[in-house]
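One file, input_29.pdb, is given below (PDB, C-alpha atoms and all ligand atoms).
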```pdb
MODEL        1
ATOM      1  CA  MET F1472     -98.336  60.019  85.999  1.00  0.00           C
ATOM      2  CA  ILE F1473     -97.726  57.449  83.302  1.00  0.00           C
ATOM      3  CA  LEU F1474     -97.870  58.108  79.573  1.00  0.00           C
ATOM      4  CA  GLY F1475     -99.333  55.351  77.413  1.00  0.00           C
ATOM      5  CA  VAL F1476     -98.618  55.913  73.732  1.00  0.00           C
ATOM      6  CA  ASN F1477    -101.154  54.586  71.242  1.00  0.00           C
ATOM      7  CA  VAL F1478     -99.386  53.452  68.046  1.00  0.00           C
ATOM      8  CA  ASP F1479    -102.493  52.552  65.997  1.00  0.00           C
ATOM      9  CA  HIS F1480    -101.855  55.361  63.518  1.00  0.00           C
ATOM     10  CA  VAL F1481     -98.505  53.853  62.539  1.00  0.00           C
ATOM     11  CA  ALA F1482    -100.390  50.738  61.479  1.00  0.00           C
ATOM     12  CA  THR F1483    -102.969  52.920  59.692  1.00  0.00           C
ATOM     13  CA  VAL F1484    -100.212  54.317  57.446  1.00  0.00           C
ATOM     14  CA  ARG F1485     -98.905  50.808  56.758  1.00  0.00           C
ATOM     15  CA  GLN F1486    -102.382  49.492  55.920  1.00  0.00           C
ATOM     16  CA  ALA F1487    -102.913  52.388  53.495  1.00  0.00           C
ATOM     17  CA  ARG F1488    -100.575  50.460  51.159  1.00  0.00           C
ATOM     18  CA  MET F1489    -101.040  46.986  52.639  1.00  0.00           C
ATOM     19  CA  THR F1490     -97.268  46.776  52.974  1.00  0.00           C
ATOM     20  CA  PHE F1491     -94.690  46.173  55.734  1.00  0.00           C
ATOM     21  CA  GLU F1492     -93.829  49.755  56.680  1.00  0.00           C
ATOM     22  CA  PRO F1493     -94.001  51.670  58.918  1.00  0.00           C
ATOM     23  CA  ASP F1494     -94.013  48.959  61.555  1.00  0.00           C
ATOM     24  CA  PRO F1495     -95.902  49.727  64.791  1.00  0.00           C
ATOM     25  CA  VAL F1496     -93.569  47.376  66.654  1.00  0.00           C
ATOM     26  CA  MET F1497     -90.539  49.483  65.709  1.00  0.00           C
ATOM     27  CA  ALA F1498     -92.507  52.614  66.565  1.00  0.00           C
ATOM     28  CA  ALA F1499     -93.316  51.170  69.992  1.00  0.00           C
ATOM     29  CA  THR F1500     -89.640  50.435  70.658  1.00  0.00           C
ATOM     30  CA  LEU F1501     -88.662  54.006  69.770  1.00  0.00           C
ATOM     31  CA  ALA F1502     -91.557  55.432  71.824  1.00  0.00           C
ATOM     32  CA  ILE F1503     -90.252  53.476  74.811  1.00  0.00           C
ATOM     33  CA  LEU F1504     -86.755  54.906  74.246  1.00  0.00           C
ATOM     34  CA  GLY F1505     -88.420  58.341  74.275  1.00  0.00           C
ATOM     35  CA  GLY F1506     -89.901  57.624  77.709  1.00  0.00           C
ATOM     36  CA  ALA F1507     -93.289  55.994  77.049  1.00  0.00           C
ATOM     37  CA  ASP F1508     -94.436  54.151  80.165  1.00  0.00           C
ATOM     38  CA  GLY F1509     -96.826  52.069  78.162  1.00  0.00           C
ATOM     39  CA  ILE F1510     -97.887  51.123  74.662  1.00  0.00           C
ATOM     40  CA  THR F1511    -101.530  50.908  73.654  1.00  0.00           C
ATOM     41  CA  VAL F1512    -103.067  49.278  70.611  1.00  0.00           C
ATOM     42  CA  HIS F1513    -106.698  48.840  69.628  1.00  0.00           C
ATOM     43  CA  LEU F1514    -107.263  45.535  67.850  1.00  0.00           C
ATOM     44  CA  ARG F1515    -110.458  46.324  65.992  1.00  0.00           C
ATOM     45  CA  GLU F1516    -112.919  43.741  64.776  1.00  0.00           C
ATOM     46  CA  ASP F1517    -112.334  44.896  61.162  1.00  0.00           C
ATOM     47  CA  ARG F1518    -108.497  44.915  61.623  1.00  0.00           C
ATOM     48  CA  ARG F1519    -108.319  48.273  59.862  1.00  0.00           C
ATOM     49  CA  HIS F1520    -104.980  49.150  61.492  1.00  0.00           C
ATOM     50  CA  ILE F1521    -103.421  46.892  64.133  1.00  0.00           C
ATOM     51  CA  GLN F1522    -103.142  43.243  63.066  1.00  0.00           C
ATOM     52  CA  ASP F1523    -103.001  40.116  65.225  1.00  0.00           C
ATOM     53  CA  ARG F1524     -99.312  39.770  64.276  1.00  0.00           C
ATOM     54  CA  ASP F1525     -98.575  43.245  65.666  1.00  0.00           C
ATOM     55  CA  LEU F1526    -100.133  42.393  68.992  1.00  0.00           C
ATOM     56  CA  ARG F1527     -98.214  39.117  69.279  1.00  0.00           C
ATOM     57  CA  LEU F1528     -94.896  40.815  68.470  1.00  0.00           C
ATOM     58  CA  LEU F1529     -95.613  43.757  70.766  1.00  0.00           C
ATOM     59  CA  ARG F1530     -96.144  41.290  73.607  1.00  0.00           C
ATOM     60  CA  GLU F1531     -92.605  40.043  72.973  1.00  0.00           C
ATOM     61  CA  PHE F1532     -90.967  43.438  72.428  1.00  0.00           C
ATOM     62  CA  VAL F1533     -92.724  45.702  74.941  1.00  0.00           C
ATOM     63  CA  PRO F1534     -91.173  45.578  78.428  1.00  0.00           C
ATOM     64  CA  VAL F1535     -93.458  48.350  79.747  1.00  0.00           C
ATOM     65  CA  GLU F1536     -97.260  48.241  80.178  1.00  0.00           C
ATOM     66  CA  LEU F1537     -98.983  46.780  77.109  1.00  0.00           C
ATOM     67  CA  ASN F1538    -102.590  47.980  77.089  1.00  0.00           C
ATOM     68  CA  LEU F1539    -104.975  46.206  74.722  1.00  0.00           C
ATOM     69  CA  GLU F1540    -108.005  48.263  73.760  1.00  0.00           C
ATOM     70  CA  MET F1541    -110.781  46.015  72.557  1.00  0.00           C
ATOM     71  CA  ALA F1542    -114.507  45.455  72.299  1.00  0.00           C
ATOM     72  CA  ALA F1543    -116.046  43.082  74.848  1.00  0.00           C
ATOM     73  CA  THR F1544    -116.501  40.191  72.406  1.00  0.00           C
ATOM     74  CA  ASP F1545    -115.756  36.467  72.687  1.00  0.00           C
ATOM     75  CA  GLU F1546    -113.141  36.723  69.905  1.00  0.00           C
ATOM     76  CA  MET F1547    -111.249  39.523  71.675  1.00  0.00           C
ATOM     77  CA  ILE F1548    -111.391  37.804  75.052  1.00  0.00           C
ATOM     78  CA  ARG F1549    -109.901  34.690  73.433  1.00  0.00           C
ATOM     79  CA  ILE F1550    -107.091  36.793  71.925  1.00  0.00           C
ATOM     80  CA  ALA F1551    -106.451  38.478  75.282  1.00  0.00           C
ATOM     81  CA  SER F1552    -106.225  35.037  76.903  1.00  0.00           C
ATOM     82  CA  GLU F1553    -103.562  34.025  74.381  1.00  0.00           C
ATOM     83  CA  VAL F1554    -101.518  37.239  74.287  1.00  0.00           C
ATOM     84  CA  LYS F1555    -101.859  38.243  77.958  1.00  0.00           C
ATOM     85  CA  PRO F1556    -101.522  42.046  77.738  1.00  0.00           C
ATOM     86  CA  ASP F1557    -100.726  43.838  81.002  1.00  0.00           C
ATOM     87  CA  MET F1558    -104.165  45.423  80.962  1.00  0.00           C
ATOM     88  CA  VAL F1559    -107.291  45.500  78.840  1.00  0.00           C
ATOM     89  CA  THR F1560    -109.325  48.630  78.179  1.00  0.00           C
ATOM     90  CA  LEU F1561    -112.845  47.833  77.030  1.00  0.00           C
ATOM     91  CA  VAL F1562    -114.189  50.306  74.476  1.00  0.00           C
ATOM     92  CA  PRO F1563    -117.368  50.504  72.411  1.00  0.00           C
ATOM     93  CA  GLU F1564    -116.773  49.779  68.752  1.00  0.00           C
ATOM     94  CA  LYS F1565    -118.732  50.785  65.675  1.00  0.00           C
ATOM     95  CA  ARG F1566    -117.535  49.824  62.214  1.00  0.00           C
ATOM     96  CA  GLU F1567    -118.415  53.163  60.627  1.00  0.00           C
ATOM     97  CA  GLU F1568    -116.627  55.357  63.208  1.00  0.00           C
ATOM     98  CA  LEU F1569    -113.315  57.110  62.452  1.00  0.00           C
ATOM     99  CA  THR F1570    -112.153  56.614  66.029  1.00  0.00           C
ATOM    100  CA  THR F1571    -113.792  55.590  69.307  1.00  0.00           C
ATOM    101  CA  GLU F1572    -116.557  58.159  69.588  1.00  0.00           C
ATOM    102  CA  GLY F1573    -117.839  57.937  73.129  1.00  0.00           C
ATOM    103  CA  GLY F1574    -117.538  55.993  76.333  1.00  0.00           C
ATOM    104  CA  LEU F1575    -119.202  52.634  76.929  1.00  0.00           C
ATOM    105  CA  ASN F1576    -122.958  52.455  77.416  1.00  0.00           C
ATOM    106  CA  LEU F1577    -122.686  50.956  80.882  1.00  0.00           C
ATOM    107  CA  ARG F1578    -126.378  51.095  81.760  1.00  0.00           C
ATOM    108  CA  ASP F1579    -127.608  49.095  78.759  1.00  0.00           C
ATOM    109  CA  GLN F1580    -124.661  46.708  78.701  1.00  0.00           C
ATOM    110  CA  LYS F1581    -124.203  46.210  82.410  1.00  0.00           C
ATOM    111  CA  GLU F1582    -124.673  42.442  82.556  1.00  0.00           C
ATOM    112  CA  HIS F1583    -122.681  41.808  79.375  1.00  0.00           C
ATOM    113  CA  LEU F1584    -119.789  43.967  80.614  1.00  0.00           C
ATOM    114  CA  LYS F1585    -119.892  42.432  84.070  1.00  0.00           C
ATOM    115  CA  SER F1586    -119.412  38.981  82.624  1.00  0.00           C
ATOM    116  CA  ALA F1587    -116.683  40.156  80.174  1.00  0.00           C
ATOM    117  CA  VAL F1588    -114.798  41.938  82.982  1.00  0.00           C
ATOM    118  CA  GLN F1589    -115.022  38.820  85.158  1.00  0.00           C
ATOM    119  CA  ARG F1590    -113.715  36.589  82.359  1.00  0.00           C
ATOM    120  CA  ILE F1591    -110.751  38.905  81.676  1.00  0.00           C
ATOM    121  CA  ARG F1592    -109.930  39.344  85.366  1.00  0.00           C
ATOM    122  CA  ASP F1593    -110.025  35.550  85.757  1.00  0.00           C
ATOM    123  CA  LEU F1594    -107.143  35.479  83.243  1.00  0.00           C
ATOM    124  CA  GLY F1595    -105.160  37.633  85.690  1.00  0.00           C
ATOM    125  CA  ILE F1596    -105.488  40.756  83.515  1.00  0.00           C
ATOM    126  CA  PRO F1597    -106.674  44.041  85.098  1.00  0.00           C
ATOM    127  CA  VAL F1598    -109.554  45.716  83.262  1.00  0.00           C
ATOM    128  CA  SER F1599    -110.232  49.375  82.591  1.00  0.00           C
ATOM    129  CA  LEU F1600    -113.520  50.729  81.177  1.00  0.00           C
ATOM    130  CA  PHE F1601    -113.512  53.687  78.794  1.00  0.00           C
ATOM    131  CA  ILE F1602    -116.298  55.883  80.145  1.00  0.00           C
ATOM    132  CA  ASN F1603    -117.824  59.311  79.731  1.00  0.00           C
ATOM    133  CA  PRO F1604    -117.221  61.750  82.618  1.00  0.00           C
ATOM    134  CA  HIS F1605    -120.675  61.128  84.141  1.00  0.00           C
ATOM    135  CA  PRO F1606    -121.075  60.440  87.874  1.00  0.00           C
ATOM    136  CA  ALA F1607    -123.528  57.569  87.246  1.00  0.00           C
ATOM    137  CA  ASP F1608    -120.932  55.799  85.094  1.00  0.00           C
ATOM    138  CA  ILE F1609    -118.452  55.749  87.978  1.00  0.00           C
ATOM    139  CA  ASP F1610    -120.902  53.865  90.216  1.00  0.00           C
ATOM    140  CA  LEU F1611    -121.735  51.500  87.369  1.00  0.00           C
ATOM    141  CA  SER F1612    -118.021  50.854  86.684  1.00  0.00           C
ATOM    142  CA  ARG F1613    -117.548  49.743  90.264  1.00  0.00           C
ATOM    143  CA  GLU F1614    -120.669  47.566  90.160  1.00  0.00           C
ATOM    144  CA  ILE F1615    -119.419  46.008  86.906  1.00  0.00           C
ATOM    145  CA  GLY F1616    -116.213  45.056  88.730  1.00  0.00           C
ATOM    146  CA  ALA F1617    -113.615  47.109  86.815  1.00  0.00           C
ATOM    147  CA  ASP F1618    -110.168  47.695  88.308  1.00  0.00           C
ATOM    148  CA  MET F1619    -109.807  51.030  86.547  1.00  0.00           C
ATOM    149  CA  VAL F1620    -111.633  53.529  84.383  1.00  0.00           C
ATOM    150  CA  GLU F1621    -110.371  55.715  81.563  1.00  0.00           C
ATOM    151  CA  ILE F1622    -112.258  58.993  81.571  1.00  0.00           C
ATOM    152  CA  HIS F1623    -113.090  60.184  78.041  1.00  0.00           C
ATOM    153  CA  THR F1624    -111.469  63.596  77.538  1.00  0.00           C
ATOM    154  CA  GLY F1625    -112.796  64.054  73.981  1.00  0.00           C
ATOM    155  CA  MET F1626    -115.565  66.487  74.964  1.00  0.00           C
ATOM    156  CA  TYR F1627    -112.996  68.587  76.865  1.00  0.00           C
ATOM    157  CA  ALA F1628    -110.624  68.434  73.879  1.00  0.00           C
ATOM    158  CA  ASN F1629    -113.277  69.522  71.377  1.00  0.00           C
ATOM    159  CA  ALA F1630    -114.721  72.366  73.475  1.00  0.00           C
ATOM    160  CA  LYS F1631    -113.574  75.979  73.342  1.00  0.00           C
ATOM    161  CA  GLY F1632    -113.370  78.822  75.900  1.00  0.00           C
ATOM    162  CA  ARG F1633    -115.844  78.703  78.801  1.00  0.00           C
ATOM    163  CA  GLU F1634    -117.317  75.485  77.526  1.00  0.00           C
ATOM    164  CA  GLN F1635    -113.870  73.876  77.797  1.00  0.00           C
ATOM    165  CA  GLU F1636    -113.651  74.950  81.450  1.00  0.00           C
ATOM    166  CA  THR F1637    -117.028  73.311  82.093  1.00  0.00           C
ATOM    167  CA  GLU F1638    -115.861  70.106  80.400  1.00  0.00           C
ATOM    168  CA  LEU F1639    -112.631  70.185  82.428  1.00  0.00           C
ATOM    169  CA  GLU F1640    -114.686  70.418  85.620  1.00  0.00           C
ATOM    170  CA  LYS F1641    -116.707  67.376  84.551  1.00  0.00           C
ATOM    171  CA  VAL F1642    -113.491  65.415  83.984  1.00  0.00           C
ATOM    172  CA  ASN F1643    -112.068  66.501  87.348  1.00  0.00           C
ATOM    173  CA  GLU F1644    -115.297  65.587  89.170  1.00  0.00           C
ATOM    174  CA  ALA F1645    -115.361  62.179  87.516  1.00  0.00           C
ATOM    175  CA  VAL F1646    -111.696  61.618  88.449  1.00  0.00           C
ATOM    176  CA  ALA F1647    -112.382  62.533  92.098  1.00  0.00           C
ATOM    177  CA  LEU F1648    -115.450  60.280  92.294  1.00  0.00           C
ATOM    178  CA  ALA F1649    -113.652  57.339  90.716  1.00  0.00           C
ATOM    179  CA  ALA F1650    -110.661  57.751  93.008  1.00  0.00           C
ATOM    180  CA  ASP F1651    -113.051  57.871  96.020  1.00  0.00           C
ATOM    181  CA  GLN F1652    -114.558  54.584  94.886  1.00  0.00           C
ATOM    182  CA  GLY F1653    -111.101  53.004  94.888  1.00  0.00           C
ATOM    183  CA  LEU F1654    -110.877  52.728  91.102  1.00  0.00           C
ATOM    184  CA  GLY F1655    -107.611  53.421  89.266  1.00  0.00           C
ATOM    185  CA  VAL F1656    -108.228  56.505  87.136  1.00  0.00           C
ATOM    186  CA  ASN F1657    -106.842  57.085  83.673  1.00  0.00           C
ATOM    187  CA  ALA F1658    -107.823  59.633  81.044  1.00  0.00           C
ATOM    188  CA  GLY F1659    -107.526  59.967  77.315  1.00  0.00           C
ATOM    189  CA  HIS F1660    -108.815  60.790  73.860  1.00  0.00           C
ATOM    190  CA  GLY F1661    -108.215  63.996  71.942  1.00  0.00           C
ATOM    191  CA  LEU F1662    -105.345  65.143  74.166  1.00  0.00           C
ATOM    192  CA  THR F1663    -102.707  67.257  72.428  1.00  0.00           C
ATOM    193  CA  TYR F1664     -99.552  69.218  73.250  1.00  0.00           C
ATOM    194  CA  TYR F1665    -101.800  72.272  73.546  1.00  0.00           C
ATOM    195  CA  ASN F1666    -104.604  70.988  75.791  1.00  0.00           C
ATOM    196  CA  VAL F1667    -102.916  68.360  77.968  1.00  0.00           C
ATOM    197  CA  LYS F1668    -101.617  70.525  80.811  1.00  0.00           C
ATOM    198  CA  PRO F1669    -104.898  71.264  82.635  1.00  0.00           C
ATOM    199  CA  ILE F1670    -105.675  67.521  82.617  1.00  0.00           C
ATOM    200  CA  ALA F1671    -102.126  66.527  83.610  1.00  0.00           C
ATOM    201  CA  SER F1672    -102.263  68.874  86.587  1.00  0.00           C
ATOM    202  CA  ASN F1673    -104.842  66.576  88.194  1.00  0.00           C
ATOM    203  CA  ARG F1674    -102.512  64.380  90.188  1.00  0.00           C
ATOM    204  CA  SER F1675    -105.228  61.826  91.022  1.00  0.00           C
ATOM    205  CA  ILE F1676    -104.916  60.596  87.454  1.00  0.00           C
ATOM    206  CA  ARG F1677    -102.775  57.490  87.176  1.00  0.00           C
ATOM    207  CA  GLY F1678    -102.105  57.652  83.440  1.00  0.00           C
ATOM    208  CA  LEU F1679    -102.814  59.484  80.197  1.00  0.00           C
ATOM    209  CA  TYR F1680    -103.371  57.533  76.976  1.00  0.00           C
ATOM    210  CA  ILE F1681    -102.476  59.552  73.886  1.00  0.00           C
ATOM    211  CA  GLY F1682    -102.192  58.593  70.235  1.00  0.00           C
ATOM    212  CA  HIS F1683    -103.083  60.965  67.411  1.00  0.00           C
ATOM    213  CA  SER F1684    -101.195  64.038  68.584  1.00  0.00           C
ATOM    214  CA  ILE F1685     -97.966  62.186  69.405  1.00  0.00           C
ATOM    215  CA  ILE F1686     -97.926  60.184  66.154  1.00  0.00           C
ATOM    216  CA  SER F1687     -98.727  63.352  64.172  1.00  0.00           C
ATOM    217  CA  ARG F1688     -95.799  65.197  65.727  1.00  0.00           C
ATOM    218  CA  SER F1689     -93.555  62.190  65.233  1.00  0.00           C
ATOM    219  CA  VAL F1690     -94.026  62.408  61.452  1.00  0.00           C
ATOM    220  CA  LEU F1691     -92.205  65.737  61.663  1.00  0.00           C
ATOM    221  CA  VAL F1692     -89.752  65.345  64.554  1.00  0.00           C
ATOM    222  CA  GLY F1693     -89.435  61.587  65.078  1.00  0.00           C
ATOM    223  CA  ILE F1694     -91.260  59.480  67.635  1.00  0.00           C
ATOM    224  CA  GLU F1695     -88.590  59.528  70.367  1.00  0.00           C
ATOM    225  CA  ARG F1696     -88.590  63.313  70.456  1.00  0.00           C
ATOM    226  CA  ALA F1697     -92.383  63.533  70.174  1.00  0.00           C
ATOM    227  CA  VAL F1698     -92.798  61.236  73.194  1.00  0.00           C
ATOM    228  CA  ARG F1699     -90.109  63.063  75.167  1.00  0.00           C
ATOM    229  CA  GLU F1700     -91.846  66.386  74.561  1.00  0.00           C
ATOM    230  CA  MET F1701     -95.206  65.018  75.733  1.00  0.00           C
ATOM    231  CA  LYS F1702     -93.606  63.416  78.805  1.00  0.00           C
ATOM    232  CA  ALA F1703     -92.019  66.745  79.721  1.00  0.00           C
ATOM    233  CA  LEU F1704     -95.420  68.474  79.488  1.00  0.00           C
ATOM    234  CA  ILE F1705     -97.268  65.997  81.676  1.00  0.00           C
ATOM    235  CA  GLU F1706     -94.496  65.745  84.263  1.00  0.00           C
ATOM    236  CA  THR F1707     -94.238  69.476  84.855  1.00  0.00           C
ATOM    237  CA  PRO F1708     -97.809  70.708  84.431  1.00  0.00           C
TER     238      PRO F1708
HETATM  239  N1  LIG F1801    -108.193  56.141  74.807  1.00  0.00           N
HETATM  240  C1  LIG F1801    -109.063  55.390  74.097  1.00  0.00           C
HETATM  241  C2  LIG F1801    -109.972  54.485  74.838  1.00  0.00           C
HETATM  242  C3  LIG F1801    -109.093  55.452  72.691  1.00  0.00           C
HETATM  243  O1  LIG F1801    -109.962  54.699  72.001  1.00  0.00           O
HETATM  244  C4  LIG F1801    -108.175  56.290  72.034  1.00  0.00           C
HETATM  245  C5  LIG F1801    -108.149  56.352  70.530  1.00  0.00           C
HETATM  246  O2  LIG F1801    -107.756  55.138  70.011  1.00  0.00           O
HETATM  247  C6  LIG F1801    -107.281  57.040  72.810  1.00  0.00           C
HETATM  248  C7  LIG F1801    -107.330  56.976  74.191  1.00  0.00           C
HETATM  249  C8  LIG F1801    -106.277  57.953  72.179  1.00  0.00           C
HETATM  250  O3  LIG F1801    -106.962  59.010  71.594  1.00  0.00           O
HETATM  251  P1  LIG F1801    -106.160  60.035  70.661  1.00  0.00           P
HETATM  252  O4  LIG F1801    -105.688  59.263  69.473  1.00  0.00           O
HETATM  253  O5  LIG F1801    -107.188  61.062  70.327  1.00  0.00           O
HETATM  254  O6  LIG F1801    -105.013  60.563  71.487  1.00  0.00           O
ENDMDL
END
```

Let me see the structure of the file written as structure tokens.
Ligand code: PXP
Amino acid sequence: MILGVNVDHVATVRQARMTFEPDPVMAATLAILGGADGITVHLREDRRHIQDRDLRLLREFVPVELNLEMAATDEMIRIASEVKPDMVTLVPEKREELTTEGGLNLRDQKEHLKSAVQRIRDLGIPVSLFINPHPADIDLSREIGADMVEIHTGMYANAKGREQETELEKVNEAVALAADQGLGVNAGHGLTYYNVKPIASNRSIRGLYIGHSIISRSVLVGIERAVREMKALIETP
């Protein structure tokens, strides 16, 4: 199972002072030394954290999987065509949100997403769709032409007790359905050192994409160690 480390928060700290540090490119290099199999960044329309410069430099510095999270807009597709990340994950984007709040609305945006996915795949870049763990969204993802899906684990992460078990079942069912349909299956959002193991024990999952918890721990213990500790958890669930 691969671990993709999202370094957006490093850029958030830098942008808090509009300065040059900390640099997400340096953070990515150290995360890779700690065992990250991939680096993820979300280039948002409002550029509130990751900047175009970061993405260009990451493309040069990152020898592992570079995953570009982005909205399905003409501007972002143009940037993807220039930078050529190893994969694109399409996410919904709202200006007022703190972080990506839910999966894509596949039903209402089916035709738009189908054309965006086709345009990105024509560039030779595999496409993943960030989706809620709903069976109907798996069928729609296949119809839209995605290579992969990333199952939203935020509801699982936020739930407690019995409710968390129910949410875990929904994630596991979605993973099984997606795998049956021949889609690559990833998962992410809200995963922490304390809730990752039940998700990581599902060996049909290709990769976990984790940001907040790893960057938070890295403030205290350093990013190499924070990544190593997460890798150890997901490799021996
Ligand atoms: N996957 C997607 C699609 C996301 O938008 C995010 C947040 O940027 C993550 C995973 C990582 O979530 P977290 O920061 O909660 O680990």

Run the PyMOL selection byres (((chain F and resi 1628-1641) around 9) and not hetatm) mentally over the shown coordinates, then write out the matched residues as a compact mmCIF listing (two decimals) with C-alpha atoms, in the frame of the given file, using the chain letters and numbers from the document.
```txt
# COMPACT_ATOMS: atom_id res chain seq x y z
CA PRO F 1604 -117.22 61.75 82.62
CA HIS F 1605 -120.68 61.13 84.14
CA PRO F 1606 -121.08 60.44 87.87
CA THR F 1624 -111.47 63.60 77.54
CA GLY F 1625 -112.80 64.05 73.98
CA MET F 1626 -115.56 66.49 74.96
CA TYR F 1627 -113.00 68.59 76.86
CA VAL F 1642 -113.49 65.42 83.98
CA ASN F 1643 -112.07 66.50 87.35
CA GLU F 1644 -115.30 65.59 89.17
CA ALA F 1645 -115.36 62.18 87.52
CA VAL F 1646 -111.70 61.62 88.45
CA HIS F 1660 -108.82 60.79 73.86
CA GLY F 1661 -108.22 64.00 71.94
CA LEU F 1662 -105.34 65.14 74.17
CA THR F 1663 -102.71 67.26 72.43
CA ASN F 1666 -104.60 70.99 75.79
CA VAL F 1667 -102.92 68.36 77.97
CA PRO F 1669 -104.90 71.26 82.64
CA ILE F 1670 -105.68 67.52 82.62
```

- Translate the PyMOL selection byres (((not hetatm)) within 10 of (chain F and resi 1801)), as applied to the file shown, into an explicit residue set as a VMD selection string. chain F and resid 1475 to 1480 1511 to 1514 1539 to 1541 1560 to 1564 1569 to 1575 1599 to 1602 1620 to 1625 1628 1657 to 1663 1679 to 1687

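The closest residue to Ile1521 in chain F, picked from F:Ile1609, F:Ala1543, F:Met1489, F:Thr1500 and counting only C-alpha atoms, is F:Met1489.
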
- Message: List the spatial neighbours of Arg1696 in chain F as a ChimeraX atom specification - criterion: any atom at most 12 Å away, only C-alpha atoms, same-chain residues fewer than 2 positions off excluded.
- Response: /F:1501-1507,1685-1694,1698-1703

- Task: Can you work out the spacing between CA of Arg1485 in chain F and CA of His1520 in chain F in Å, to one decimal?
- Result: 7.9 Å

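Among the candidates F:Ala1650, F:Ala1542, F:Ala1607, F:Val1496, the one nearest to Asp1517 in chain F when counting only C-alpha atoms is F:Ala1542.
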
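Our summary of the geometry notes that CA of Gly1509 in chain F is positioned 21.2 Å from CA of Val1588 in chain F.
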
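From CA of Asp1579 in chain F back to CA of Asp1610 in chain F, the distance works out to 14.1 Å.
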
If the box runs along x, y and z of the file and leaves 3 Å on each side of range 1634-1641 of chain F, what are its centre and edge lengths in Å, one decimal, as JSON?
```
{"center_x": -115.0, "center_y": 71.4, "center_z": 81.6, "size_x": 10.7, "size_y": 14.1, "size_z": 14.1}
```

What's the 12 Å shell around Glu1531 in chain F, counting only C-alpha atoms, without same-chain residues fewer than 6 positions away, as a PDB file with C-alpha atoms, in the coordinates of the input?
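Contents of part.pdb, freshly written:
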```
ATOM      1  CA  VAL F1496     -93.569  47.376  66.654  1.00  0.00           C
ATOM      2  CA  ALA F1499     -93.316  51.170  69.992  1.00  0.00           C
ATOM      3  CA  THR F1500     -89.640  50.435  70.658  1.00  0.00           C
ATOM      4  CA  ARG F1524     -99.312  39.770  64.276  1.00  0.00           C
ATOM      5  CA  ASP F1525     -98.575  43.245  65.666  1.00  0.00           C
ATOM      6  CA  LEU F1537     -98.983  46.780  77.109  1.00  0.00           C
ATOM      7  CA  VAL F1554    -101.518  37.239  74.287  1.00  0.00           C
ATOM      8  CA  LYS F1555    -101.859  38.243  77.958  1.00  0.00           C
ATOM      9  CA  PRO F1556    -101.522  42.046  77.738  1.00  0.00           C
TER      10      PRO F1556
END
```

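Among F:Ala1482, F:Ile1591, F:Ala1498, F:Leu1704, the residue with the shortest atom-to-atom distance to Glu1553 in chain F, counting all atoms listed in the file, is F:Ile1591.
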
- Note on the structure: Using all atoms listed in the file, the best pick from F:Glu1536, F:Asp1494, F:Asp1523, F:Asp1608 as closest to Val1559 in chain F would be F:Glu1536
